[in-house]
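S.K.: Sharing a structure below in structure tokens format, with a few things to ask.
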Amino acid sequence: MTARMYILTAVCLVFVLRGAAWAQDETPAELRAEIASLREQLAVLEADRAQLIEQIESMKAATAELQRQLDAERARVEELQAALAARPVRPAQEDRPAEPVAEEPTSSEPAPVAEIPPDPLASPASLLRALRESHRQTFPDLSLESRTARETYQRRLQLWLDVVRQSLRGQTRWRITFTEITPDARNRQARARMQVIDPNSGLPIGESFLGTIPSRMLLKMDDRAEAQTWDVTLVLNPNPVVNPDRLEAGPFDYPPLIGPMVEFQFDFDWIGMRRVRTASDSASETEQMPRP
């Protein structure tokens, strides 16, 4: 039953119950008191209806956000499955001693990558390395063989998370290449794949990641079908997540594991961005950095 039907049913019930009383001779004062009472009841019902509508809208927004996250995770799983399927399968060998085989030169070399900068704020890969080192130093000789040891570790882990979320947070600037830019239905924000690159060499730093471009930044982007490179000023927020069921990295290591039970995640607040025409050029001075 909708909120409007609920109100109409309640009002009709009040009129039915009051019908016998109205059939009798009542004074104007009594009628006015009756009308005032009915108005108060109607006001209460209207307030209940407004509250129900607000709750419904909130649930719709939460459902949309959960669906967006689910779509992003599904896309990542599909990418990992495609990468796994593309790997060459080594045929089974007969059960006999292996013979020495001269290595043949490979036809292609791995794509060059940039070194991970030591500054924890310089890139997601830098932050991940800093978090792993901090975890290793905080929990040396970690053993989780007993239930008591795991419970103690989880309590200490929460304290460590509070520390790193504050100590490794800060403003920085990344040079990012944006691809797979996909605006939402209202064209107000967009999902995109982001790759942090070295400003000097143009080489990628660490792995790419999926993120959301806010509306005020999306408006600055043209030719969204093509890859774009921008210098983005941002506030980086480390946000590791506790997963008690995950003790090892696993074959895919996604999300990357910082340490037992703690997965690597981060977010950032956009401050401004400047267009870079080529990966090795300096940022265009014609682009201004808007403040939020």
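Every chain in the structure tokens takes a letter, A first, then B, and so on in the order presented; its residues are numbered from 1, and the ligands are numbered from 1 following the presented order.
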To test your reading of the structure, identify every residue in stretch 123-186 of chain A that backbone DSSP assigns to helix (DSSP H, G or I), and report it as an mmCIF file with all heavy atoms, in the first residue's frame.

M.R.:
data_model
loop_
_atom_site.group_PDB
_atom_site.id
_atom_site.type_symbol
_atom_site.label_atom_id
_atom_site.label_comp_id
_atom_site.auth_asym_id
_atom_site.auth_seq_id
_atom_site.Cartn_x
_atom_site.Cartn_y
_atom_site.Cartn_z
ATOM 1 N N PRO A 124 49.505 5.708 -6.679
ATOM 2 C CA PRO A 124 48.906 4.605 -5.922
ATOM 3 C C PRO A 124 49.913 3.511 -5.586
ATOM 4 O O PRO A 124 49.878 2.938 -4.496
ATOM 5 C CB PRO A 124 47.811 4.094 -6.856
ATOM 6 C CG PRO A 124 47.445 5.271 -7.692
ATOM 7 C CD PRO A 124 48.725 6.015 -7.903
ATOM 8 N N ALA A 125 50.820 3.211 -6.525
ATOM 9 C CA ALA A 125 51.839 2.188 -6.263
ATOM 10 C C ALA A 125 52.757 2.614 -5.122
ATOM 11 O O ALA A 125 53.186 1.782 -4.311
ATOM 12 C CB ALA A 125 52.643 1.928 -7.531
ATOM 13 N N SER A 126 53.078 3.905 -5.053
ATOM 14 C CA SER A 126 53.910 4.405 -3.965
ATOM 15 C C SER A 126 53.199 4.261 -2.622
ATOM 16 O O SER A 126 53.816 3.872 -1.617
ATOM 17 C CB SER A 126 54.263 5.874 -4.215
ATOM 18 O OG SER A 126 54.874 6.053 -5.468
ATOM 19 N N LEU A 127 51.900 4.564 -2.615
ATOM 20 C CA LEU A 127 51.126 4.439 -1.379
ATOM 21 C C LEU A 127 51.031 2.991 -0.938
ATOM 22 O O LEU A 127 51.172 2.675 0.254
ATOM 23 C CB LEU A 127 49.730 5.027 -1.591
ATOM 24 C CG LEU A 127 48.772 4.943 -0.389
ATOM 25 C CD1 LEU A 127 49.312 5.715 0.798
ATOM 26 C CD2 LEU A 127 47.391 5.470 -0.777
ATOM 27 N N LEU A 128 50.807 2.084 -1.887
ATOM 28 C CA LEU A 128 50.724 0.662 -1.551
ATOM 29 C C LEU A 128 52.036 0.173 -0.945
ATOM 30 O O LEU A 128 52.036 -0.549 0.059
ATOM 31 C CB LEU A 128 50.383 -0.142 -2.805
ATOM 32 C CG LEU A 128 50.408 -1.668 -2.655
ATOM 33 C CD1 LEU A 128 49.441 -2.130 -1.582
ATOM 34 C CD2 LEU A 128 50.098 -2.335 -3.998
ATOM 35 N N ARG A 129 53.160 0.567 -1.537
ATOM 36 C CA ARG A 129 54.458 0.137 -1.007
ATOM 37 C C ARG A 129 54.685 0.691 0.392
ATOM 38 O O ARG A 129 55.185 -0.012 1.278
ATOM 39 C CB ARG A 129 55.587 0.573 -1.944
ATOM 40 C CG ARG A 129 56.960 0.070 -1.525
ATOM 41 C CD ARG A 129 57.983 0.292 -2.603
ATOM 42 N NE ARG A 129 58.199 1.718 -2.849
ATOM 43 C CZ ARG A 129 59.064 2.191 -3.760
ATOM 44 N NH1 ARG A 129 59.763 1.333 -4.506
ATOM 45 N NH2 ARG A 129 59.210 3.470 -3.940
ATOM 46 N N ALA A 130 54.309 1.952 0.624
ATOM 47 C CA ALA A 130 54.484 2.552 1.949
ATOM 48 C C ALA A 130 53.613 1.849 2.989
ATOM 49 O O ALA A 130 54.051 1.616 4.121
ATOM 50 C CB ALA A 130 54.152 4.038 1.893
ATOM 51 N N LEU A 131 52.377 1.491 2.610
ATOM 52 C CA LEU A 131 51.493 0.797 3.547
ATOM 53 C C LEU A 131 52.017 -0.599 3.875
ATOM 54 O O LEU A 131 51.962 -1.036 5.026
ATOM 55 C CB LEU A 131 50.085 0.706 2.957
ATOM 56 C CG LEU A 131 49.290 2.013 2.924
ATOM 57 C CD1 LEU A 131 48.029 1.857 2.077
ATOM 58 C CD2 LEU A 131 48.921 2.460 4.333
ATOM 59 N N ARG A 132 52.539 -1.286 2.877
ATOM 60 C CA ARG A 132 53.088 -2.619 3.125
ATOM 61 C C ARG A 132 54.308 -2.548 4.048
ATOM 62 O O ARG A 132 54.468 -3.389 4.935
ATOM 63 C CB ARG A 132 53.454 -3.284 1.801
ATOM 64 C CG ARG A 132 52.249 -3.825 1.044
ATOM 65 C CD ARG A 132 52.617 -4.358 -0.325
ATOM 66 N NE ARG A 132 51.483 -5.072 -0.937
ATOM 67 C CZ ARG A 132 51.464 -5.455 -2.207
ATOM 68 N NH1 ARG A 132 52.498 -5.192 -3.002
ATOM 69 N NH2 ARG A 132 50.401 -6.100 -2.687
ATOM 70 N N GLU A 133 55.141 -1.557 3.847
ATOM 71 C CA GLU A 133 56.312 -1.416 4.701
ATOM 72 C C GLU A 133 55.910 -1.057 6.124
ATOM 73 O O GLU A 133 56.461 -1.592 7.098
ATOM 74 C CB GLU A 133 57.243 -0.343 4.124
ATOM 75 C CG GLU A 133 58.490 -0.072 4.949
ATOM 76 C CD GLU A 133 59.399 -1.286 5.066
ATOM 77 O OE1 GLU A 133 59.299 -2.196 4.216
ATOM 78 O OE2 GLU A 133 60.212 -1.323 6.025
ATOM 79 N N SER A 134 54.916 -0.160 6.258
ATOM 80 C CA SER A 134 54.449 0.205 7.593
ATOM 81 C C SER A 134 53.838 -0.999 8.299
ATOM 82 O O SER A 134 54.057 -1.213 9.506
ATOM 83 C CB SER A 134 53.421 1.331 7.489
ATOM 84 O OG SER A 134 52.851 1.619 8.745
ATOM 85 N N HIS A 135 53.081 -1.805 7.553
ATOM 86 C CA HIS A 135 52.480 -3.000 8.154
ATOM 87 C C HIS A 135 53.566 -3.981 8.593
ATOM 88 O O HIS A 135 53.479 -4.576 9.679
ATOM 89 C CB HIS A 135 51.540 -3.660 7.147
ATOM 90 C CG HIS A 135 50.829 -4.864 7.677
ATOM 91 N ND1 HIS A 135 51.406 -6.132 7.692
ATOM 92 C CD2 HIS A 135 49.585 -5.020 8.229
ATOM 93 C CE1 HIS A 135 50.563 -6.994 8.212
ATOM 94 N NE2 HIS A 135 49.450 -6.355 8.545
ATOM 95 N N ARG A 136 54.570 -4.163 7.766
ATOM 96 C CA ARG A 136 55.648 -5.105 8.106
ATOM 97 C C ARG A 136 56.378 -4.668 9.366
ATOM 98 O O ARG A 136 56.711 -5.497 10.227
ATOM 99 C CB ARG A 136 56.631 -5.215 6.936
ATOM 100 C CG ARG A 136 57.723 -6.264 7.136
ATOM 101 C CD ARG A 136 58.754 -6.191 6.042
ATOM 102 N NE ARG A 136 59.472 -4.918 6.086
ATOM 103 C CZ ARG A 136 60.472 -4.666 6.923
ATOM 104 N NH1 ARG A 136 60.861 -5.577 7.796
ATOM 105 N NH2 ARG A 136 61.070 -3.491 6.904
ATOM 106 N N GLN A 137 56.613 -3.370 9.499
ATOM 107 C CA GLN A 137 57.310 -2.874 10.681
ATOM 108 C C GLN A 137 56.423 -2.913 11.928
ATOM 109 O O GLN A 137 56.913 -3.123 13.036
ATOM 110 C CB GLN A 137 57.786 -1.437 10.431
ATOM 111 C CG GLN A 137 58.852 -1.325 9.360
ATOM 112 C CD GLN A 137 59.285 0.110 9.123
ATOM 113 O OE1 GLN A 137 58.788 1.032 9.775
ATOM 114 N NE2 GLN A 137 60.208 0.321 8.189
ATOM 115 N N THR A 138 55.124 -2.732 11.750
ATOM 116 C CA THR A 138 54.211 -2.721 12.893
ATOM 117 C C THR A 138 53.919 -4.131 13.402
ATOM 118 O O THR A 138 53.727 -4.339 14.608
ATOM 119 C CB THR A 138 52.894 -2.025 12.515
ATOM 120 O OG1 THR A 138 53.176 -0.714 12.000
ATOM 121 C CG2 THR A 138 51.976 -1.893 13.723
ATOM 122 N N ARG A 147 43.106 -18.814 17.316
ATOM 123 C CA ARG A 147 41.996 -17.867 17.292
ATOM 124 C C ARG A 147 42.313 -16.639 18.126
ATOM 125 O O ARG A 147 41.997 -15.510 17.741
ATOM 126 C CB ARG A 147 40.740 -18.559 17.819
ATOM 127 C CG ARG A 147 39.517 -17.651 17.885
ATOM 128 C CD ARG A 147 38.300 -18.397 18.373
ATOM 129 N NE ARG A 147 37.140 -17.515 18.479
ATOM 130 C CZ ARG A 147 35.940 -17.933 18.880
ATOM 131 N NH1 ARG A 147 35.752 -19.208 19.211
ATOM 132 N NH2 ARG A 147 34.933 -17.077 18.948
ATOM 133 N N THR A 148 42.963 -16.847 19.276
ATOM 134 C CA THR A 148 43.322 -15.713 20.132
ATOM 135 C C THR A 148 44.279 -14.779 19.417
ATOM 136 O O THR A 148 44.149 -13.541 19.499
ATOM 137 C CB THR A 148 43.955 -16.226 21.441
ATOM 138 O OG1 THR A 148 43.026 -17.076 22.107
ATOM 139 C CG2 THR A 148 44.339 -15.068 22.342
ATOM 140 N N ALA A 149 45.250 -15.353 18.688
ATOM 141 C CA ALA A 149 46.209 -14.529 17.955
ATOM 142 C C ALA A 149 45.512 -13.704 16.880
ATOM 143 O O ALA A 149 45.853 -12.537 16.669
ATOM 144 C CB ALA A 149 47.289 -15.417 17.337
ATOM 145 N N ARG A 150 44.522 -14.284 16.215
ATOM 146 C CA ARG A 150 43.807 -13.542 15.177
ATOM 147 C C ARG A 150 42.983 -12.397 15.774
ATOM 148 O O ARG A 150 42.940 -11.295 15.222
ATOM 149 C CB ARG A 150 42.886 -14.485 14.396
ATOM 150 C CG ARG A 150 43.631 -15.525 13.572
ATOM 151 C CD ARG A 150 42.687 -16.249 12.647
ATOM 152 N NE ARG A 150 43.361 -17.275 11.874
ATOM 153 C CZ ARG A 150 42.838 -17.904 10.820
ATOM 154 N NH1 ARG A 150 41.615 -17.579 10.424
ATOM 155 N NH2 ARG A 150 43.503 -18.818 10.170
ATOM 156 N N GLU A 151 42.327 -12.662 16.877
ATOM 157 C CA GLU A 151 41.528 -11.610 17.505
ATOM 158 C C GLU A 151 42.411 -10.467 17.989
ATOM 159 O O GLU A 151 42.060 -9.288 17.854
ATOM 160 C CB GLU A 151 40.730 -12.210 18.660
ATOM 161 C CG GLU A 151 39.636 -13.173 18.209
ATOM 162 C CD GLU A 151 38.925 -13.823 19.385
ATOM 163 O OE1 GLU A 151 39.413 -13.642 20.533
ATOM 164 O OE2 GLU A 151 37.888 -14.480 19.162
ATOM 165 N N THR A 152 43.560 -10.795 18.564
ATOM 166 C CA THR A 152 44.495 -9.752 19.012
ATOM 167 C C THR A 152 44.997 -8.944 17.825
ATOM 168 O O THR A 152 45.099 -7.709 17.888
ATOM 169 C CB THR A 152 45.673 -10.394 19.759
ATOM 170 O OG1 THR A 152 45.181 -11.126 20.887
ATOM 171 C CG2 THR A 152 46.649 -9.331 20.238
ATOM 172 N N TYR A 153 45.312 -9.634 16.738
ATOM 173 C CA TYR A 153 45.803 -8.956 15.536
ATOM 174 C C TYR A 153 44.746 -8.011 14.977
ATOM 175 O O TYR A 153 45.061 -6.879 14.575
ATOM 176 C CB TYR A 153 46.180 -9.995 14.491
ATOM 177 C CG TYR A 153 46.470 -9.427 13.127
ATOM 178 C CD1 TYR A 153 47.545 -8.575 12.915
ATOM 179 C CD2 TYR A 153 45.660 -9.745 12.037
ATOM 180 C CE1 TYR A 153 47.809 -8.062 11.644
ATOM 181 C CE2 TYR A 153 45.914 -9.236 10.777
ATOM 182 C CZ TYR A 153 46.985 -8.395 10.591
ATOM 183 O OH TYR A 153 47.245 -7.876 9.343
ATOM 184 N N GLN A 154 43.486 -8.422 14.953
ATOM 185 C CA GLN A 154 42.435 -7.572 14.419
ATOM 186 C C GLN A 154 42.255 -6.308 15.260
ATOM 187 O O GLN A 154 42.024 -5.222 14.716
ATOM 188 C CB GLN A 154 41.117 -8.343 14.346
ATOM 189 C CG GLN A 154 41.049 -9.335 13.191
ATOM 190 C CD GLN A 154 39.690 -9.979 13.054
ATOM 191 O OE1 GLN A 154 39.452 -11.067 13.587
ATOM 192 N NE2 GLN A 154 38.791 -9.325 12.359
ATOM 193 N N ARG A 155 42.372 -6.435 16.579
ATOM 194 C CA ARG A 155 42.257 -5.243 17.424
ATOM 195 C C ARG A 155 43.411 -4.281 17.157
ATOM 196 O O ARG A 155 43.207 -3.062 17.035
ATOM 197 C CB ARG A 155 42.238 -5.652 18.898
ATOM 198 C CG ARG A 155 40.942 -6.337 19.338
ATOM 199 C CD ARG A 155 40.842 -6.385 20.853
ATOM 200 N NE ARG A 155 41.914 -7.180 21.431
ATOM 201 C CZ ARG A 155 41.841 -8.477 21.679
ATOM 202 N NH1 ARG A 155 40.731 -9.142 21.382
ATOM 203 N NH2 ARG A 155 42.845 -9.125 22.236
ATOM 204 N N ARG A 156 44.615 -4.802 17.063
ATOM 205 C CA ARG A 156 45.772 -3.947 16.772
ATOM 206 C C ARG A 156 45.696 -3.381 15.358
ATOM 207 O O ARG A 156 46.159 -2.256 15.104
ATOM 208 C CB ARG A 156 47.064 -4.741 16.949
ATOM 209 C CG ARG A 156 47.337 -5.205 18.377
ATOM 210 C CD ARG A 156 48.669 -5.925 18.453
ATOM 211 N NE ARG A 156 49.743 -5.058 18.002
ATOM 212 C CZ ARG A 156 50.939 -5.496 17.593
ATOM 213 N NH1 ARG A 156 51.191 -6.803 17.588
ATOM 214 N NH2 ARG A 156 51.869 -4.650 17.192
ATOM 215 N N LEU A 157 45.101 -4.158 14.451
ATOM 216 C CA LEU A 157 44.994 -3.706 13.066
ATOM 217 C C LEU A 157 44.130 -2.457 12.955
ATOM 218 O O LEU A 157 44.444 -1.535 12.187
ATOM 219 C CB LEU A 157 44.410 -4.835 12.216
ATOM 220 C CG LEU A 157 44.430 -4.652 10.700
ATOM 221 C CD1 LEU A 157 45.849 -4.490 10.200
ATOM 222 C CD2 LEU A 157 43.761 -5.844 10.025
ATOM 223 N N GLN A 158 43.058 -2.388 13.711
ATOM 224 C CA GLN A 158 42.200 -1.202 13.677
ATOM 225 C C GLN A 158 42.958 0.037 14.139
ATOM 226 O O GLN A 158 42.802 1.126 13.571
ATOM 227 C CB GLN A 158 40.960 -1.430 14.545
ATOM 228 C CG GLN A 158 39.998 -2.480 14.009
ATOM 229 C CD GLN A 158 39.359 -2.072 12.698
ATOM 230 O OE1 GLN A 158 39.311 -0.883 12.360
ATOM 231 N NE2 GLN A 158 38.869 -3.037 11.947
ATOM 232 N N LEU A 159 43.784 -0.087 15.159
ATOM 233 C CA LEU A 159 44.586 1.043 15.623
ATOM 234 C C LEU A 159 45.579 1.473 14.550
ATOM 235 O O LEU A 159 45.787 2.669 14.320
ATOM 236 C CB LEU A 159 45.323 0.656 16.916
ATOM 237 C CG LEU A 159 44.432 0.320 18.126
ATOM 238 C CD1 LEU A 159 45.288 -0.140 19.294
ATOM 239 C CD2 LEU A 159 43.592 1.521 18.527
ATOM 240 N N TRP A 160 46.190 0.495 13.906
ATOM 241 C CA TRP A 160 47.161 0.817 12.840
ATOM 242 C C TRP A 160 46.470 1.526 11.671
ATOM 243 O O TRP A 160 47.017 2.485 11.109
ATOM 244 C CB TRP A 160 47.826 -0.469 12.359
ATOM 245 C CG TRP A 160 48.751 -0.270 11.195
ATOM 246 C CD1 TRP A 160 50.010 0.246 11.222
ATOM 247 C CD2 TRP A 160 48.471 -0.580 9.821
ATOM 248 N NE1 TRP A 160 50.542 0.266 9.964
ATOM 249 C CE2 TRP A 160 49.620 -0.227 9.078
ATOM 250 C CE3 TRP A 160 47.381 -1.127 9.161
ATOM 251 C CZ2 TRP A 160 49.695 -0.412 7.703
ATOM 252 C CZ3 TRP A 160 47.450 -1.306 7.785
ATOM 253 C CH2 TRP A 160 48.591 -0.950 7.072
ATOM 254 N N LEU A 161 45.271 1.083 11.314
ATOM 255 C CA LEU A 161 44.542 1.719 10.218
ATOM 256 C C LEU A 161 44.243 3.181 10.539
ATOM 257 O O LEU A 161 44.348 4.052 9.663
ATOM 258 C CB LEU A 161 43.242 0.965 9.950
ATOM 259 C CG LEU A 161 43.375 -0.424 9.332
ATOM 260 C CD1 LEU A 161 42.017 -1.107 9.250
ATOM 261 C CD2 LEU A 161 44.002 -0.344 7.962
ATOM 262 N N ASP A 162 43.854 3.476 11.766
ATOM 263 C CA ASP A 162 43.574 4.860 12.147
ATOM 264 C C ASP A 162 44.819 5.735 11.980
ATOM 265 O O ASP A 162 44.734 6.897 11.541
ATOM 266 C CB ASP A 162 43.089 4.923 13.597
ATOM 267 C CG ASP A 162 41.725 4.278 13.780
ATOM 268 O OD1 ASP A 162 40.997 4.155 12.769
ATOM 269 O OD2 ASP A 162 41.397 3.896 14.913
ATOM 270 N N VAL A 163 45.981 5.172 12.301
ATOM 271 C CA VAL A 163 47.223 5.932 12.211
ATOM 272 C C VAL A 163 47.576 6.214 10.748
ATOM 273 O O VAL A 163 47.872 7.355 10.369
ATOM 274 C CB VAL A 163 48.368 5.183 12.913
ATOM 275 C CG1 VAL A 163 49.712 5.870 12.638
ATOM 276 C CG2 VAL A 163 48.116 5.116 14.413
ATOM 277 N N VAL A 164 47.569 5.180 9.893
ATOM 278 C CA VAL A 164 48.014 5.370 8.507
ATOM 279 C C VAL A 164 47.023 6.217 7.722
ATOM 280 O O VAL A 164 47.431 6.937 6.797
ATOM 281 C CB VAL A 164 48.244 4.015 7.814
ATOM 282 C CG1 VAL A 164 49.364 3.249 8.497
ATOM 283 C CG2 VAL A 164 46.971 3.181 7.761
ATOM 284 N N ARG A 165 45.749 6.162 8.065
ATOM 285 C CA ARG A 165 44.783 6.994 7.345
ATOM 286 C C ARG A 165 45.036 8.473 7.589
ATOM 287 O O ARG A 165 44.709 9.308 6.730
ATOM 288 C CB ARG A 165 43.364 6.629 7.779
ATOM 289 C CG ARG A 165 42.849 5.333 7.161
ATOM 290 C CD ARG A 165 41.555 4.890 7.783
ATOM 291 N NE ARG A 165 41.056 3.644 7.195
ATOM 292 C CZ ARG A 165 40.236 2.811 7.790
ATOM 293 N NH1 ARG A 165 39.796 3.072 9.026
ATOM 294 N NH2 ARG A 165 39.832 1.700 7.191
ATOM 295 N N GLN A 166 45.598 8.809 8.712
ATOM 296 C CA GLN A 166 45.924 10.202 9.007
ATOM 297 C C GLN A 166 47.334 10.575 8.553
ATOM 298 O O GLN A 166 47.547 11.615 7.938
ATOM 299 C CB GLN A 166 45.771 10.457 10.520
ATOM 300 C CG GLN A 166 44.348 10.383 11.025
ATOM 301 C CD GLN A 166 43.463 11.465 10.425
ATOM 302 O OE1 GLN A 166 43.910 12.585 10.170
ATOM 303 N NE2 GLN A 166 42.193 11.123 10.191
ATOM 304 N N SER A 167 48.295 9.703 8.843
ATOM 305 C CA SER A 167 49.695 10.038 8.582
ATOM 306 C C SER A 167 50.042 10.011 7.094
ATOM 307 O O SER A 167 50.952 10.740 6.661
ATOM 308 C CB SER A 167 50.618 9.081 9.344
ATOM 309 O OG SER A 167 50.415 7.744 8.913
#

S.K.: Env of A:Leu234: 10 Å cut, atoms = only C-alpha atoms, seq-sep filter 4 positions within chain, self excluded. Answer as a JSON list (two decimals) with all heavy atoms, in the first residue's frame.

M.R.:
[["chain", "number", "residue", "atom", "x", "y", "z"],
["A", 170, "GLY", "N", 47.39, 13.39, 2.28],
["A", 170, "GLY", "CA", 47.95, 14.69, 1.95],
["A", 170, "GLY", "C", 47.68, 15.10, 0.52],
["A", 170, "GLY", "O", 47.21, 14.32, -0.31],
["A", 171, "GLN", "N", 47.99, 16.35, 0.22],
["A", 171, "GLN", "CA", 47.79, 16.90, -1.13],
["A", 171, "GLN", "C", 48.97, 16.55, -2.01],
["A", 171, "GLN", "O", 50.12, 16.57, -1.58],
["A", 171, "GLN", "CB", 47.60, 18.42, -1.05],
["A", 171, "GLN", "CG", 47.35, 19.07, -2.42],
["A", 171, "GLN", "CD", 46.98, 20.53, -2.31],
["A", 171, "GLN", "OE1", 46.23, 20.93, -1.43],
["A", 171, "GLN", "NE2", 47.52, 21.34, -3.20],
["A", 172, "THR", "N", 48.68, 16.25, -3.27],
["A", 172, "THR", "CA", 49.72, 15.89, -4.21],
["A", 172, "THR", "C", 49.25, 16.21, -5.62],
["A", 172, "THR", "O", 48.16, 16.75, -5.81],
["A", 172, "THR", "CB", 50.07, 14.38, -4.08],
["A", 172, "THR", "OG1", 51.17, 14.08, -4.95],
["A", 172, "THR", "CG2", 48.88, 13.52, -4.44],
["A", 173, "ARG", "N", 50.08, 15.87, -6.60],
["A", 173, "ARG", "CA", 49.70, 16.07, -8.00],
["A", 173, "ARG", "C", 50.13, 14.84, -8.79],
["A", 173, "ARG", "O", 51.26, 14.39, -8.69],
["A", 173, "ARG", "CB", 50.35, 17.32, -8.59],
["A", 173, "ARG", "CG", 50.11, 17.47, -10.10],
["A", 173, "ARG", "CD", 50.68, 18.75, -10.67],
["A", 173, "ARG", "NE", 49.92, 19.91, -10.19],
["A", 173, "ARG", "CZ", 50.16, 21.16, -10.60],
["A", 173, "ARG", "NH1", 51.15, 21.41, -11.44],
["A", 173, "ARG", "NH2", 49.43, 22.15, -10.13],
["A", 174, "TRP", "N", 49.20, 14.31, -9.57],
["A", 174, "TRP", "CA", 49.48, 13.16, -10.42],
["A", 174, "TRP", "C", 49.28, 13.55, -11.88],
["A", 174, "TRP", "O", 48.37, 14.30, -12.22],
["A", 174, "TRP", "CB", 48.53, 11.99, -10.13],
["A", 174, "TRP", "CG", 48.74, 11.36, -8.78],
["A", 174, "TRP", "CD1", 49.79, 11.53, -7.94],
["A", 174, "TRP", "CD2", 47.84, 10.44, -8.14],
["A", 174, "TRP", "NE1", 49.61, 10.78, -6.81],
["A", 174, "TRP", "CE2", 48.44, 10.09, -6.90],
["A", 174, "TRP", "CE3", 46.63, 9.86, -8.48],
["A", 174, "TRP", "CZ2", 47.83, 9.22, -6.01],
["A", 174, "TRP", "CZ3", 46.02, 8.99, -7.61],
["A", 174, "TRP", "CH2", 46.63, 8.66, -6.38],
["A", 267, "ASP", "N", 41.02, 6.63, -1.96],
["A", 267, "ASP", "CA", 40.22, 7.56, -2.75],
["A", 267, "ASP", "C", 40.91, 8.91, -2.70],
["A", 267, "ASP", "O", 41.87, 9.11, -1.96],
["A", 267, "ASP", "CB", 38.78, 7.65, -2.22],
["A", 267, "ASP", "CG", 38.73, 7.98, -0.73],
["A", 267, "ASP", "OD1", 39.29, 9.02, -0.34],
["A", 267, "ASP", "OD2", 38.14, 7.20, 0.04],
["A", 268, "PHE", "N", 40.44, 9.83, -3.51],
["A", 268, "PHE", "CA", 41.04, 11.16, -3.50],
["A", 268, "PHE", "C", 40.00, 12.22, -3.83],
["A", 268, "PHE", "O", 39.03, 11.95, -4.53],
["A", 268, "PHE", "CB", 42.25, 11.26, -4.44],
["A", 268, "PHE", "CG", 41.97, 10.90, -5.88],
["A", 268, "PHE", "CD1", 41.51, 11.84, -6.78],
["A", 268, "PHE", "CD2", 42.18, 9.61, -6.34],
["A", 268, "PHE", "CE1", 41.27, 11.51, -8.10],
["A", 268, "PHE", "CE2", 41.95, 9.26, -7.66],
["A", 268, "PHE", "CZ", 41.49, 10.22, -8.53],
["A", 269, "ASP", "N", 40.24, 13.40, -3.27],
["A", 269, "ASP", "CA", 39.38, 14.55, -3.50],
["A", 269, "ASP", "C", 40.01, 15.41, -4.60],
["A", 269, "ASP", "O", 41.18, 15.81, -4.49],
["A", 269, "ASP", "CB", 39.22, 15.38, -2.22],
["A", 269, "ASP", "CG", 38.62, 14.55, -1.09],
["A", 269, "ASP", "OD1", 37.74, 13.73, -1.37],
["A", 269, "ASP", "OD2", 39.05, 14.73, 0.07],
["A", 270, "TRP", "N", 39.26, 15.69, -5.64],
["A", 270, "TRP", "CA", 39.76, 16.47, -6.77],
["A", 270, "TRP", "C", 39.84, 17.95, -6.37],
["A", 270, "TRP", "O", 38.90, 18.51, -5.82],
["A", 270, "TRP", "CB", 38.84, 16.33, -7.97],
["A", 270, "TRP", "CG", 38.70, 14.94, -8.49],
["A", 270, "TRP", "CD1", 38.11, 13.89, -7.85],
["A", 270, "TRP", "CD2", 39.14, 14.44, -9.76],
["A", 270, "TRP", "NE1", 38.15, 12.77, -8.65],
["A", 270, "TRP", "CE2", 38.77, 13.07, -9.82],
["A", 270, "TRP", "CE3", 39.80, 15.02, -10.84],
["A", 270, "TRP", "CZ2", 39.05, 12.29, -10.93],
["A", 270, "TRP", "CZ3", 40.07, 14.23, -11.96],
["A", 270, "TRP", "CH2", 39.71, 12.88, -11.99],
["A", 271, "ILE", "N", 40.96, 18.57, -6.68],
["A", 271, "ILE", "CA", 41.12, 20.00, -6.45],
["A", 271, "ILE", "C", 41.12, 20.75, -7.78],
["A", 271, "ILE", "O", 40.43, 21.76, -7.94],
["A", 271, "ILE", "CB", 42.40, 20.29, -5.66],
["A", 271, "ILE", "CG1", 42.31, 19.66, -4.26],
["A", 271, "ILE", "CG2", 42.65, 21.79, -5.55],
["A", 271, "ILE", "CD1", 43.54, 19.87, -3.41],
["A", 272, "GLY", "N", 41.89, 20.27, -8.74],
["A", 272, "GLY", "CA", 41.95, 20.93, -10.04],
["A", 272, "GLY", "C", 42.72, 20.09, -11.02],
["A", 272, "GLY", "O", 43.35, 19.10, -10.67],
["A", 273, "MET", "N", 42.68, 20.50, -12.31],
["A", 273, "MET", "CA", 43.40, 19.74, -13.33],
["A", 273, "MET", "C", 43.77, 20.65, -14.49],
["A", 273, "MET", "O", 43.08, 21.62, -14.80],
["A", 273, "MET", "CB", 42.54, 18.57, -13.82],
["A", 273, "MET", "CG", 41.17, 18.94, -14.31],
["A", 273, "MET", "SD", 40.07, 17.51, -14.52],
["A", 273, "MET", "CE", 40.94, 16.58, -15.78]]

S.K.: Within 10 Å of stretch 228-233 of chain A, counting only C-alpha atoms, which residues show up once you throw out same-chain ones fewer than 2 positions away? Write them as a PyMOL selection string, please.

M.R.: chain A and resi 171-179+181+194-197+199+217+221-226+235-236+268-280+282-284+289

S.K.: Looking only at the backbone, which of the residues in stretch 54-248 of chain A does DSSP tag as strand (DSSP E or B), as a PyMOL selection string?

M.R.: chain A and resi 170-183+190-197+204+209-213+228-238+241-242
